[in-house]
file target37.txt (compact mmCIF, C-alpha atoms)
# COMPACT_ATOMS: atom_id res chain seq x y z
CA MET A 220 -10.56 34.21 5.89
CA GLU A 221 -7.06 32.85 5.88
CA ILE A 222 -5.41 30.48 8.32
CA LYS A 223 -1.66 30.79 8.81
CA LEU A 224 0.42 27.91 10.10
CA LYS A 225 4.08 27.46 10.77
CA PRO A 226 6.10 24.26 11.04
CA ILE A 227 6.81 22.88 14.52
CA GLY A 228 9.44 20.48 13.20
CA ILE A 229 10.58 18.41 10.24
CA ILE A 230 10.42 14.78 9.22
CA HIS A 231 13.48 12.69 8.49
CA SER A 232 12.69 9.93 6.05
CA PRO A 233 14.47 7.29 3.98
CA PHE A 234 12.56 8.73 1.00
CA LYS A 235 14.78 11.57 -0.14
CA LYS A 236 12.51 12.71 -2.95
CA LYS A 237 9.02 12.05 -4.30
CA GLU A 238 10.33 9.60 -6.89
CA ASP A 239 11.69 7.34 -4.12
CA MET A 240 8.16 6.40 -3.13
CA ASP A 241 6.88 3.74 -5.46
CA SER A 242 3.22 3.68 -4.55
CA LYS A 243 2.56 0.36 -6.26
CA LYS A 244 5.25 -1.26 -4.13
CA TYR A 245 3.53 0.03 -0.98
CA ALA A 246 -0.07 -0.60 -2.08
CA ASP A 247 -0.59 -3.27 0.57
CA PHE A 248 -2.76 -2.05 3.43
CA ARG A 249 0.24 -2.45 5.72
CA GLY A 250 2.11 -0.36 3.15
CA PHE A 251 4.56 1.80 5.02
CA ASP A 252 4.34 0.10 8.42
CA SER A 253 7.98 -0.97 8.41
CA ILE A 254 9.41 2.31 7.10
CA GLN A 255 11.27 4.08 9.90
CA GLY A 256 12.05 7.73 10.25
CA GLU A 257 12.31 10.51 12.78
CA LEU A 258 10.11 13.41 13.82
CA GLU A 259 12.40 16.27 14.79
CA ILE A 260 10.46 18.83 16.79
CA PHE A 261 12.03 22.26 17.02
CA LYS A 262 13.60 22.94 20.44
CA GLU A 263 11.13 25.71 21.23
CA TYR A 264 8.26 23.17 21.15
CA GLU A 265 10.04 20.31 22.96
CA LYS A 266 8.15 20.88 26.23
CA GLY A 267 4.92 20.11 24.39
CA LEU A 268 6.12 16.52 23.85
CA LYS A 269 5.75 15.63 27.54
CA ASP A 270 3.70 12.40 27.87
CA VAL A 271 3.64 11.55 24.14
CA GLU A 272 5.80 8.48 24.74
CA GLY A 273 2.88 6.93 26.67
CA PHE A 274 0.99 6.56 23.41
CA SER A 275 1.78 3.79 20.96
CA HIS A 276 0.61 5.80 17.95
CA LEU A 277 0.52 9.46 16.98
CA VAL A 278 -1.42 11.39 14.37
CA VAL A 279 1.02 13.54 12.39
CA LEU A 280 -0.28 16.49 10.39
CA PHE A 281 2.19 17.84 7.87
CA ALA A 282 2.54 20.11 4.86
CA PHE A 283 2.77 18.55 1.40
CA HIS A 284 5.55 21.01 0.67
CA LYS A 285 6.30 19.61 -2.80
CA SER A 286 2.69 19.87 -3.91
CA GLU A 287 2.04 22.28 -6.77
CA GLY A 288 -1.56 23.21 -7.29
CA TYR A 289 -4.45 20.78 -7.57
CA LYS A 290 -7.33 19.58 -9.69
CA LEU A 291 -10.73 18.71 -8.25
CA HIS A 292 -10.75 15.53 -10.33
CA THR A 293 -7.49 13.63 -10.10
CA LYS A 294 -6.04 10.31 -11.21
CA PRO A 295 -4.85 8.34 -8.15
CA LEU A 296 -1.26 7.09 -8.01
CA LEU A 297 -2.63 3.57 -7.82
CA GLY A 298 -4.16 4.10 -11.25
CA GLY A 299 -7.65 3.95 -12.67
CA ILE A 300 -10.14 6.62 -13.52
CA LEU A 301 -10.47 10.21 -12.32
CA ARG A 302 -11.65 10.57 -8.70
CA GLY A 303 -12.79 13.52 -6.65
CA VAL A 304 -9.70 14.87 -4.88
CA PHE A 305 -11.46 14.53 -1.48
CA ALA A 306 -11.91 10.81 -2.19
CA THR A 307 -8.13 10.44 -2.54
CA ARG A 308 -5.07 11.02 -0.36
CA SER A 309 -3.32 12.91 -3.18
CA PRO A 310 -0.80 15.55 -2.03
CA ASN A 311 -2.24 17.92 -4.63
CA ARG A 312 -5.32 19.27 -2.85
CA PRO A 313 -6.88 22.68 -2.10
CA ASN A 314 -5.16 22.77 1.31
CA PRO A 315 -2.03 20.64 0.93
CA ILE A 316 -2.01 19.04 4.38
CA GLY A 317 -1.28 15.37 4.97
CA MET A 318 -2.29 13.09 7.83
CA THR A 319 -0.44 9.92 8.76
CA VAL A 320 -0.69 7.76 11.86
CA VAL A 321 2.79 6.61 12.94
CA LYS A 322 3.97 4.18 15.59
CA VAL A 323 6.26 5.54 18.31
CA LEU A 324 9.45 3.51 18.71
CA GLU A 325 11.54 5.76 20.93
CA ARG A 326 11.77 9.31 22.18
CA ASN A 327 15.06 11.11 22.61
CA ARG A 328 14.41 14.67 23.81
CA ASN A 329 12.99 16.56 20.80
CA ARG A 330 13.33 13.59 18.45
CA LEU A 331 10.82 10.78 18.03
CA LYS A 332 11.84 7.62 16.24
CA VAL A 333 8.73 6.28 14.50
CA SER A 334 7.60 3.72 11.95
CA GLY A 335 4.91 4.03 9.31
CA VAL A 336 6.65 6.90 7.50
CA ASP A 337 5.16 7.78 4.11
CA MET A 338 6.48 11.33 3.96
CA ILE A 339 9.64 12.54 2.25
CA GLU A 340 12.78 13.96 3.88
CA GLY A 341 12.35 17.54 5.08
CA THR A 342 8.55 17.50 5.24
CA PRO A 343 7.35 20.27 7.61
CA ILE A 344 5.43 18.97 10.63
CA LEU A 345 2.38 21.03 11.59
CA ASP A 346 0.97 19.08 14.51
CA ILE A 347 1.22 15.91 16.55
CA LYS A 348 -1.76 14.41 18.37
CA PRO A 349 -2.27 11.22 20.35
CA PHE A 350 -4.08 8.51 18.36
CA THR A 351 -6.96 7.23 20.49
CA SER A 352 -9.77 4.65 20.46
CA ARG A 353 -12.00 7.34 18.98
CA ASP A 354 -9.92 7.30 15.81
CA GLN A 355 -10.58 3.57 15.39
CA LYS A 356 -13.68 2.67 13.42
CA SER A 357 -15.37 -0.65 12.81
CA ARG A 358 -16.86 -1.99 9.59
CA ILE A 359 -15.24 0.55 7.33
CA LYS A 360 -16.02 0.71 3.61
CA LEU A 361 -13.24 1.68 1.23
CA GLY A 362 -15.12 2.87 -1.86
CA TRP A 363 -13.02 2.85 -5.04
CA LEU A 364 -9.89 2.01 -3.03
CA LYS A 365 -11.23 -1.43 -2.15
CA LYS A 366 -9.93 -3.06 -5.31
CA LYS A 367 -6.65 -1.14 -5.16
CA MET A 368 -5.55 -1.86 -1.61
CA ASN A 369 -4.55 -5.42 -0.84
CA ARG A 370 -7.10 -5.88 1.84
CA MET B 62 8.24 29.58 6.29
CA GLU B 63 4.51 30.08 6.54
CA ILE B 64 1.70 27.91 5.25
CA LYS B 65 -1.53 29.62 4.26
CA LEU B 66 -4.81 27.75 4.16
CA LYS B 67 -8.34 28.72 3.35
CA PRO B 68 -11.59 27.04 4.31
CA ILE B 69 -13.23 24.74 1.76
CA GLY B 70 -16.49 24.65 3.72
CA ILE B 71 -18.08 24.87 7.15
CA ILE B 72 -19.46 22.45 9.70
CA HIS B 73 -23.04 22.53 10.93
CA SER B 74 -23.30 21.13 14.42
CA PRO B 75 -25.82 20.82 17.23
CA PHE B 76 -23.14 22.41 19.45
CA LYS B 77 -23.72 26.11 18.95
CA LYS B 78 -20.88 27.23 21.17
CA LYS B 79 -17.93 25.77 23.08
CA GLU B 80 -19.89 25.61 26.31
CA ASP B 81 -22.43 23.24 24.72
CA MET B 82 -19.82 20.50 24.66
CA ASP B 83 -19.65 18.89 28.07
CA SER B 84 -16.51 16.82 27.71
CA LYS B 85 -17.21 14.70 30.76
CA LYS B 86 -20.57 13.68 29.30
CA TYR B 87 -18.81 12.52 26.13
CA ALA B 88 -15.78 10.91 27.78
CA ASP B 89 -16.80 7.42 26.69
CA PHE B 90 -14.66 6.10 23.82
CA ARG B 91 -17.78 6.11 21.65
CA GLY B 92 -18.21 9.72 22.79
CA PHE B 93 -19.63 11.66 19.89
CA ASP B 94 -20.57 8.73 17.67
CA SER B 95 -24.28 9.53 17.74
CA ILE B 96 -23.93 13.29 17.28
CA GLN B 97 -25.10 14.25 13.80
CA GLY B 98 -24.18 17.28 11.75
CA GLU B 99 -23.45 18.40 8.23
CA LEU B 100 -20.33 19.19 6.26
CA GLU B 101 -21.19 21.99 3.85
CA ILE B 102 -18.55 22.20 1.15
CA PHE B 103 -18.42 25.47 -0.77
CA LYS B 104 -19.90 25.17 -4.27
CA GLU B 105 -16.56 25.85 -5.94
CA TYR B 106 -15.14 22.63 -4.42
CA GLU B 107 -18.20 20.41 -4.92
CA LYS B 108 -16.63 18.55 -7.87
CA GLY B 109 -13.92 17.32 -5.51
CA LEU B 110 -16.52 15.32 -3.57
CA LYS B 111 -17.01 12.81 -6.41
CA ASP B 112 -16.68 9.26 -5.04
CA VAL B 113 -16.58 10.23 -1.33
CA GLU B 114 -19.94 8.57 -0.72
CA GLY B 115 -18.30 5.19 -1.41
CA PHE B 116 -16.39 5.52 1.85
CA SER B 117 -18.07 4.83 5.18
CA HIS B 118 -15.77 7.21 7.08
CA LEU B 119 -13.95 10.42 6.31
CA VAL B 120 -11.06 12.22 7.99
CA VAL B 121 -12.03 15.85 8.50
CA LEU B 122 -9.33 18.46 9.10
CA PHE B 123 -10.65 21.73 10.44
CA ALA B 124 -9.59 24.99 12.06
CA PHE B 125 -10.09 25.43 15.81
CA HIS B 126 -11.38 28.92 15.03
CA LYS B 127 -12.28 29.70 18.65
CA SER B 128 -8.84 28.79 19.93
CA GLU B 129 -6.87 31.65 21.46
CA GLY B 130 -3.19 30.98 21.92
CA TYR B 131 -1.68 27.94 23.58
CA LYS B 132 0.57 26.68 26.33
CA LEU B 133 3.03 23.83 25.82
CA HIS B 134 1.86 22.29 29.09
CA THR B 135 -1.90 22.15 29.36
CA LYS B 136 -4.55 20.75 31.66
CA PRO B 137 -6.84 18.40 29.70
CA LEU B 138 -10.61 18.98 29.73
CA LEU B 139 -10.99 15.55 31.29
CA GLY B 140 -9.02 16.82 34.28
CA GLY B 141 -5.84 15.76 35.97
CA ILE B 142 -2.31 17.10 35.82
CA LEU B 143 -0.56 19.18 33.20
CA ARG B 144 0.25 17.32 29.98
CA GLY B 145 2.36 18.18 26.97
CA VAL B 146 0.03 19.80 24.44
CA PHE B 147 1.04 17.24 21.76
CA ALA B 148 -0.15 14.47 24.11
CA THR B 149 -3.64 16.05 24.15
CA ARG B 150 -6.32 16.88 21.61
CA SER B 151 -6.71 20.39 23.07
CA PRO B 152 -7.89 23.05 20.59
CA ASN B 153 -5.25 25.40 22.01
CA ARG B 154 -2.12 24.28 20.18
CA PRO B 155 0.69 25.87 18.15
CA ASN B 156 -1.17 25.19 14.90
CA PRO B 157 -4.86 25.12 15.83
CA ILE B 158 -5.98 22.35 13.49
CA GLY B 159 -8.33 19.57 14.52
CA MET B 160 -8.79 16.07 13.11
CA THR B 161 -11.95 14.03 13.51
CA VAL B 162 -13.06 10.86 11.75
CA VAL B 163 -16.77 11.05 10.92
CA LYS B 164 -19.21 8.51 9.50
CA VAL B 165 -20.95 9.36 6.23
CA LEU B 166 -24.72 9.05 6.43
CA GLU B 167 -25.82 10.73 3.21
CA ARG B 168 -24.57 13.01 0.49
CA ASN B 169 -26.74 15.69 -1.05
CA ARG B 170 -24.71 17.61 -3.66
CA ASN B 171 -22.27 19.78 -1.67
CA ARG B 172 -23.61 18.70 1.71
CA LEU B 173 -22.60 15.59 3.63
CA LYS B 174 -24.71 14.41 6.52
CA VAL B 175 -22.37 12.75 9.00
CA SER B 176 -22.24 11.42 12.54
CA GLY B 177 -19.42 11.62 15.07
CA VAL B 178 -19.47 15.43 15.17
CA ASP B 179 -17.35 16.95 17.96
CA MET B 180 -16.91 20.37 16.36
CA ILE B 181 -18.99 23.48 16.96
CA GLU B 182 -21.32 25.27 14.53
CA GLY B 183 -19.47 27.30 11.91
CA THR B 184 -16.13 25.49 12.22
CA PRO B 185 -14.10 26.05 9.01
CA ILE B 186 -13.32 22.81 7.12
CA LEU B 187 -9.80 22.62 5.70
CA ASP B 188 -9.74 19.18 4.13
CA ILE B 189 -11.63 15.93 3.73
CA LYS B 190 -9.88 12.62 3.09
CA PRO B 191 -11.07 9.02 2.84
CA PHE B 192 -10.45 7.01 6.03
CA THR B 193 -8.71 3.77 5.03
CA SER B 194 -7.39 0.53 6.53
CA ARG B 195 -4.04 2.28 6.89
CA ASP B 196 -5.52 4.60 9.48
CA GLN B 197 -6.58 1.60 11.60
CA LYS B 198 -4.00 0.39 14.11
CA SER B 199 -3.92 -2.66 16.32
CA ARG B 200 -2.85 -2.93 19.93
CA ILE B 201 -2.89 0.79 20.63
CA LYS B 202 -1.69 2.21 23.95
CA LEU B 203 -3.46 5.28 25.31
CA GLY B 204 -0.92 6.73 27.75
CA TRP B 205 -2.43 9.07 30.34
CA LEU B 206 -5.80 8.94 28.57
CA LYS B 207 -6.25 5.28 29.47
CA LYS B 208 -7.78 6.03 32.87
CA LYS B 209 -9.84 8.93 31.50
CA MET B 210 -11.54 7.25 28.56
CA ASN B 211 -14.08 4.59 29.34
CA ARG B 212 -12.27 1.93 27.42

call {"tool": "encode", "arguments": {"input": "target37.txt", "output": "structure tokens"}}
result
Amino acid sequence: MEIKLKPIGIIHSPFKKKEDMDSKKYADFRGFDSIQGELEIFKEYEKGLKDVEGFSHLVVLFAFHKSEGYKLHTKPLLGGILRGVFATRSPNRPNPIGMTVVKVLERNRNRLKVSGVDMIEGTPILDIKPFTSRDQKSRIKLGWLKKKMNR
Amino acid sequence: MEIKLKPIGIIHSPFKKKEDMDSKKYADFRGFDSIQGELEIFKEYEKGLKDVEGFSHLVVLFAFHKSEGYKLHTKPLLGGILRGVFATRSPNRPNPIGMTVVKVLERNRNRLKVSGVDMIEGTPILDIKPFTSRDQKSRIKLGWLKKKMNR
């Protein structure tokens, strides 16, 4: 069984290439909150954006298009010992899809100005969903990340 | 450009078919919190689960395998007027991928017992990621959903 997806848009980001993202610099739990960028949705999908501006936050699914293969045990960018890839947010994973919740600043037709951008310029967007109360959880435990994230 | 994905596992759910999920019954913002199920990860990916049990919650990306096509304007299950598909969590979307945050109850080798299951039996799992503080947002606005969700 194979699932085929195609981009519905691309992300414009101040990070022009992977090396521009210094993960240690952004290790704080508010990490990328202030980083602004734009979600450009292809014209043919623009109608699907109706009502999105009513939501303060959106879930963005995207392709890690610069990812090249993966290992099931991987060393996180924040350092330390090898972790299971599913216990990390590494771009190098069996299905290289990323998920980031961004804040909507402004919509201009097929372009959404957002903050919270941790993707690089040109990243293909696969889906946009409203972020809802159901995606909020209480009393979360952070496993190995606890000591790495400044929270 | 086309992105090809393949399942890394399947979901076991008390909902055996689409019709078993009465969305009105689960409209509360705590909707599916008590619904238990199992994430069965294929043996070949089991190593990648190392350390996941340290996290209380996981982001599950999955294929809406029963989805058949989409419309850019769609009527939500909870009723009301037509909405842009990207302002809904409808399974019928350009790239039929779902995202649900589940709570980890127990790990047994390649099987994770979880709660918060809103997928149907046999749903293909595409990815599992740790849910972190970065995925938590404050002061969220729910747009059209505000009147529909009991919160």

call {"tool": "calpha_fit_and_write", "arguments": {"input": "target37.txt", "fixed": "chain B", "moving": "chain A", "output": "CSV table (one decimal) with C-alpha atoms, in the coordinates of the input"}}
result
chain,number,residue,atom,x,y,z
A,220,MET,CA,8.2,29.6,6.3
A,221,GLU,CA,4.5,30.1,6.5
A,222,ILE,CA,1.7,27.9,5.3
A,223,LYS,CA,-1.5,29.6,4.3
A,224,LEU,CA,-4.8,27.7,4.2
A,225,LYS,CA,-8.3,28.7,3.4
A,226,PRO,CA,-11.6,27.0,4.3
A,227,ILE,CA,-13.2,24.7,1.8
A,228,GLY,CA,-16.5,24.6,3.7
A,229,ILE,CA,-18.1,24.9,7.1
A,230,ILE,CA,-19.5,22.5,9.7
A,231,HIS,CA,-23.0,22.5,10.9
A,232,SER,CA,-23.3,21.1,14.4
A,233,PRO,CA,-25.8,20.8,17.2
A,234,PHE,CA,-23.1,22.4,19.4
A,235,LYS,CA,-23.7,26.1,18.9
A,236,LYS,CA,-20.9,27.2,21.2
A,237,LYS,CA,-17.9,25.8,23.1
A,238,GLU,CA,-19.9,25.6,26.3
A,239,ASP,CA,-22.4,23.2,24.7
A,240,MET,CA,-19.8,20.5,24.7
A,241,ASP,CA,-19.6,18.9,28.1
A,242,SER,CA,-16.5,16.8,27.7
A,243,LYS,CA,-17.2,14.7,30.8
A,244,LYS,CA,-20.6,13.7,29.3
A,245,TYR,CA,-18.8,12.5,26.1
A,246,ALA,CA,-15.8,10.9,27.8
A,247,ASP,CA,-16.8,7.4,26.7
A,248,PHE,CA,-14.7,6.1,23.8
A,249,ARG,CA,-17.8,6.1,21.7
A,250,GLY,CA,-18.2,9.7,22.8
A,251,PHE,CA,-19.6,11.7,19.9
A,252,ASP,CA,-20.6,8.7,17.7
A,253,SER,CA,-24.3,9.5,17.7
A,254,ILE,CA,-23.9,13.3,17.3
A,255,GLN,CA,-25.1,14.2,13.8
A,256,GLY,CA,-24.2,17.3,11.7
A,257,GLU,CA,-23.5,18.4,8.2
A,258,LEU,CA,-20.3,19.2,6.3
A,259,GLU,CA,-21.2,22.0,3.9
A,260,ILE,CA,-18.5,22.2,1.2
A,261,PHE,CA,-18.4,25.5,-0.8
A,262,LYS,CA,-19.9,25.2,-4.3
A,263,GLU,CA,-16.6,25.9,-5.9
A,264,TYR,CA,-15.1,22.6,-4.4
A,265,GLU,CA,-18.2,20.4,-4.9
A,266,LYS,CA,-16.6,18.5,-7.9
A,267,GLY,CA,-13.9,17.3,-5.5
A,268,LEU,CA,-16.5,15.3,-3.6
A,269,LYS,CA,-17.0,12.8,-6.4
A,270,ASP,CA,-16.7,9.3,-5.0
A,271,VAL,CA,-16.6,10.2,-1.3
A,272,GLU,CA,-19.9,8.6,-0.7
A,273,GLY,CA,-18.3,5.2,-1.4
A,274,PHE,CA,-16.4,5.5,1.8
A,275,SER,CA,-18.1,4.8,5.2
A,276,HIS,CA,-15.8,7.2,7.1
A,277,LEU,CA,-13.9,10.4,6.3
A,278,VAL,CA,-11.1,12.2,8.0
A,279,VAL,CA,-12.0,15.9,8.5
A,280,LEU,CA,-9.3,18.5,9.1
A,281,PHE,CA,-10.6,21.7,10.4
A,282,ALA,CA,-9.6,25.0,12.1
A,283,PHE,CA,-10.1,25.4,15.8
A,284,HIS,CA,-11.4,28.9,15.0
A,285,LYS,CA,-12.3,29.7,18.7
A,286,SER,CA,-8.8,28.8,19.9
A,287,GLU,CA,-6.9,31.7,21.5
A,288,GLY,CA,-3.2,31.0,21.9
A,289,TYR,CA,-1.7,27.9,23.6
A,290,LYS,CA,0.6,26.7,26.3
A,291,LEU,CA,3.0,23.8,25.8
A,292,HIS,CA,1.9,22.3,29.1
A,293,THR,CA,-1.9,22.2,29.4
A,294,LYS,CA,-4.6,20.8,31.7
A,295,PRO,CA,-6.8,18.4,29.7
A,296,LEU,CA,-10.6,19.0,29.7
A,297,LEU,CA,-11.0,15.6,31.3
A,298,GLY,CA,-9.0,16.8,34.3
A,299,GLY,CA,-5.8,15.8,36.0
A,300,ILE,CA,-2.3,17.1,35.8
A,301,LEU,CA,-0.5,19.2,33.2
A,302,ARG,CA,0.2,17.3,30.0
A,303,GLY,CA,2.3,18.2,27.0
A,304,VAL,CA,0.0,19.8,24.4
A,305,PHE,CA,1.0,17.2,21.8
A,306,ALA,CA,-0.2,14.5,24.1
A,307,THR,CA,-3.6,16.0,24.2
A,308,ARG,CA,-6.3,16.9,21.6
A,309,SER,CA,-6.7,20.4,23.1
A,310,PRO,CA,-7.9,23.1,20.6
A,311,ASN,CA,-5.3,25.4,22.0
A,312,ARG,CA,-2.1,24.3,20.2
A,313,PRO,CA,0.7,25.9,18.2
A,314,ASN,CA,-1.2,25.2,14.9
A,315,PRO,CA,-4.9,25.1,15.8
A,316,ILE,CA,-6.0,22.3,13.5
A,317,GLY,CA,-8.3,19.6,14.5
A,318,MET,CA,-8.8,16.1,13.1
A,319,THR,CA,-12.0,14.0,13.5
A,320,VAL,CA,-13.1,10.9,11.7
A,321,VAL,CA,-16.8,11.0,10.9
A,322,LYS,CA,-19.2,8.5,9.5
A,323,VAL,CA,-20.9,9.4,6.2
A,324,LEU,CA,-24.7,9.0,6.4
A,325,GLU,CA,-25.8,10.7,3.2
A,326,ARG,CA,-24.6,13.0,0.5
A,327,ASN,CA,-26.7,15.7,-1.1
A,328,ARG,CA,-24.7,17.6,-3.7
A,329,ASN,CA,-22.3,19.8,-1.7
A,330,ARG,CA,-23.6,18.7,1.7
A,331,LEU,CA,-22.6,15.6,3.6
A,332,LYS,CA,-24.7,14.4,6.5
A,333,VAL,CA,-22.4,12.8,9.0
A,334,SER,CA,-22.2,11.4,12.5
A,335,GLY,CA,-19.4,11.6,15.0
A,336,VAL,CA,-19.5,15.4,15.2
A,337,ASP,CA,-17.4,17.0,18.0
A,338,MET,CA,-16.9,20.4,16.3
A,339,ILE,CA,-19.0,23.5,17.0
A,340,GLU,CA,-21.3,25.3,14.5
A,341,GLY,CA,-19.5,27.3,11.9
A,342,THR,CA,-16.1,25.5,12.2
A,343,PRO,CA,-14.1,26.0,9.0
A,344,ILE,CA,-13.3,22.8,7.1
A,345,LEU,CA,-9.8,22.6,5.7
A,346,ASP,CA,-9.8,19.2,4.1
A,347,ILE,CA,-11.6,15.9,3.7
A,348,LYS,CA,-9.9,12.6,3.1
A,349,PRO,CA,-11.1,9.0,2.8
A,350,PHE,CA,-10.5,7.0,6.0
A,351,THR,CA,-8.7,3.8,5.0
A,352,SER,CA,-7.4,0.5,6.5
A,353,ARG,CA,-4.0,2.3,6.9
A,354,ASP,CA,-5.5,4.6,9.5
A,355,GLN,CA,-6.6,1.6,11.6
A,356,LYS,CA,-4.0,0.4,14.1
A,357,SER,CA,-3.9,-2.7,16.3
A,358,ARG,CA,-2.8,-2.9,19.9
A,359,ILE,CA,-2.9,0.8,20.6
A,360,LYS,CA,-1.7,2.2,24.0
A,361,LEU,CA,-3.5,5.3,25.3
A,362,GLY,CA,-0.9,6.7,27.7
A,363,TRP,CA,-2.4,9.1,30.3
A,364,LEU,CA,-5.8,8.9,28.6
A,365,LYS,CA,-6.2,5.3,29.5
A,366,LYS,CA,-7.8,6.0,32.9
A,367,LYS,CA,-9.8,8.9,31.5
A,368,MET,CA,-11.5,7.3,28.5
A,369,ASN,CA,-14.1,4.6,29.3
A,370,ARG,CA,-12.4,1.9,27.5

call {"tool": "residues_around", "arguments": {"input": "target37.txt", "residues": "segment 220-233 of chain A", "least_positions_apart": "3", "cutoff": "8 Å", "atoms": "all atoms listed in the file", "output": "list in words"}}
result
Ile254, Gln255, Gly256, Glu257, Leu258, Glu259, Ile260, Phe261, Tyr264, Val336, Met338, Ile339, Glu340, Gly341, Thr342, Pro343, Ile344, Leu345 and Asp346 of chain A; Met62, Glu63, Ile64, Lys65, Leu66, Lys67, Pro68, Ala124, Pro155 and Asn156 of chain B

call {"tool": "write_last_selection", "arguments": {"input": "target37.txt", "atoms": "C-alpha atoms", "output": "short mmCIF file (atom, residue, chain, number, x, y, z; two decimals), in the coordinates of the input"}}
result
data_model
loop_
_atom_site.label_atom_id
_atom_site.label_comp_id
_atom_site.auth_asym_id
_atom_site.auth_seq_id
_atom_site.Cartn_x
_atom_site.Cartn_y
_atom_site.Cartn_z
CA ILE A 254 9.41 2.31 7.10
CA GLN A 255 11.27 4.08 9.90
CA GLY A 256 12.05 7.73 10.25
CA GLU A 257 12.31 10.51 12.78
CA LEU A 258 10.11 13.41 13.82
CA GLU A 259 12.40 16.27 14.79
CA ILE A 260 10.46 18.83 16.79
CA PHE A 261 12.03 22.26 17.02
CA TYR A 264 8.26 23.17 21.15
CA VAL A 336 6.65 6.90 7.50
CA MET A 338 6.48 11.33 3.96
CA ILE A 339 9.64 12.54 2.25
CA GLU A 340 12.78 13.96 3.88
CA GLY A 341 12.35 17.54 5.08
CA THR A 342 8.55 17.50 5.24
CA PRO A 343 7.35 20.27 7.61
CA ILE A 344 5.43 18.97 10.63
CA LEU A 345 2.38 21.03 11.59
CA ASP A 346 0.97 19.08 14.51
CA MET B 62 8.24 29.58 6.29
CA GLU B 63 4.51 30.08 6.54
CA ILE B 64 1.70 27.91 5.25
CA LYS B 65 -1.53 29.62 4.26
CA LEU B 66 -4.81 27.75 4.16
CA LYS B 67 -8.34 28.72 3.35
CA PRO B 68 -11.59 27.04 4.31
CA ALA B 124 -9.59 24.99 12.06
CA PRO B 155 0.69 25.87 18.15
CA ASN B 156 -1.17 25.19 14.90
#

call {"tool": "closest_residue", "arguments": {"input": "target37.txt", "among": "B:Gly141, B:Gly204, B:Pro152, B:Pro157", "to": "chain A", "atoms": "only C-alpha atoms"}}
result
B:Gly204

call {"tool": "closest_residue", "arguments": {"input": "target37.txt", "among": "B:Arg172, B:Lys79, B:Ile142, B:Asp112", "to": "His126 of chain B", "atoms": "all atoms listed in the file"}}
result
B:Lys79

call {"tool": "closest_residue", "arguments": {"input": "target37.txt", "among": "B:Ser151, B:Lys108, B:Val175, B:Ser199", "to": "chain A", "atoms": "all atoms listed in the file"}}
result
B:Lys108
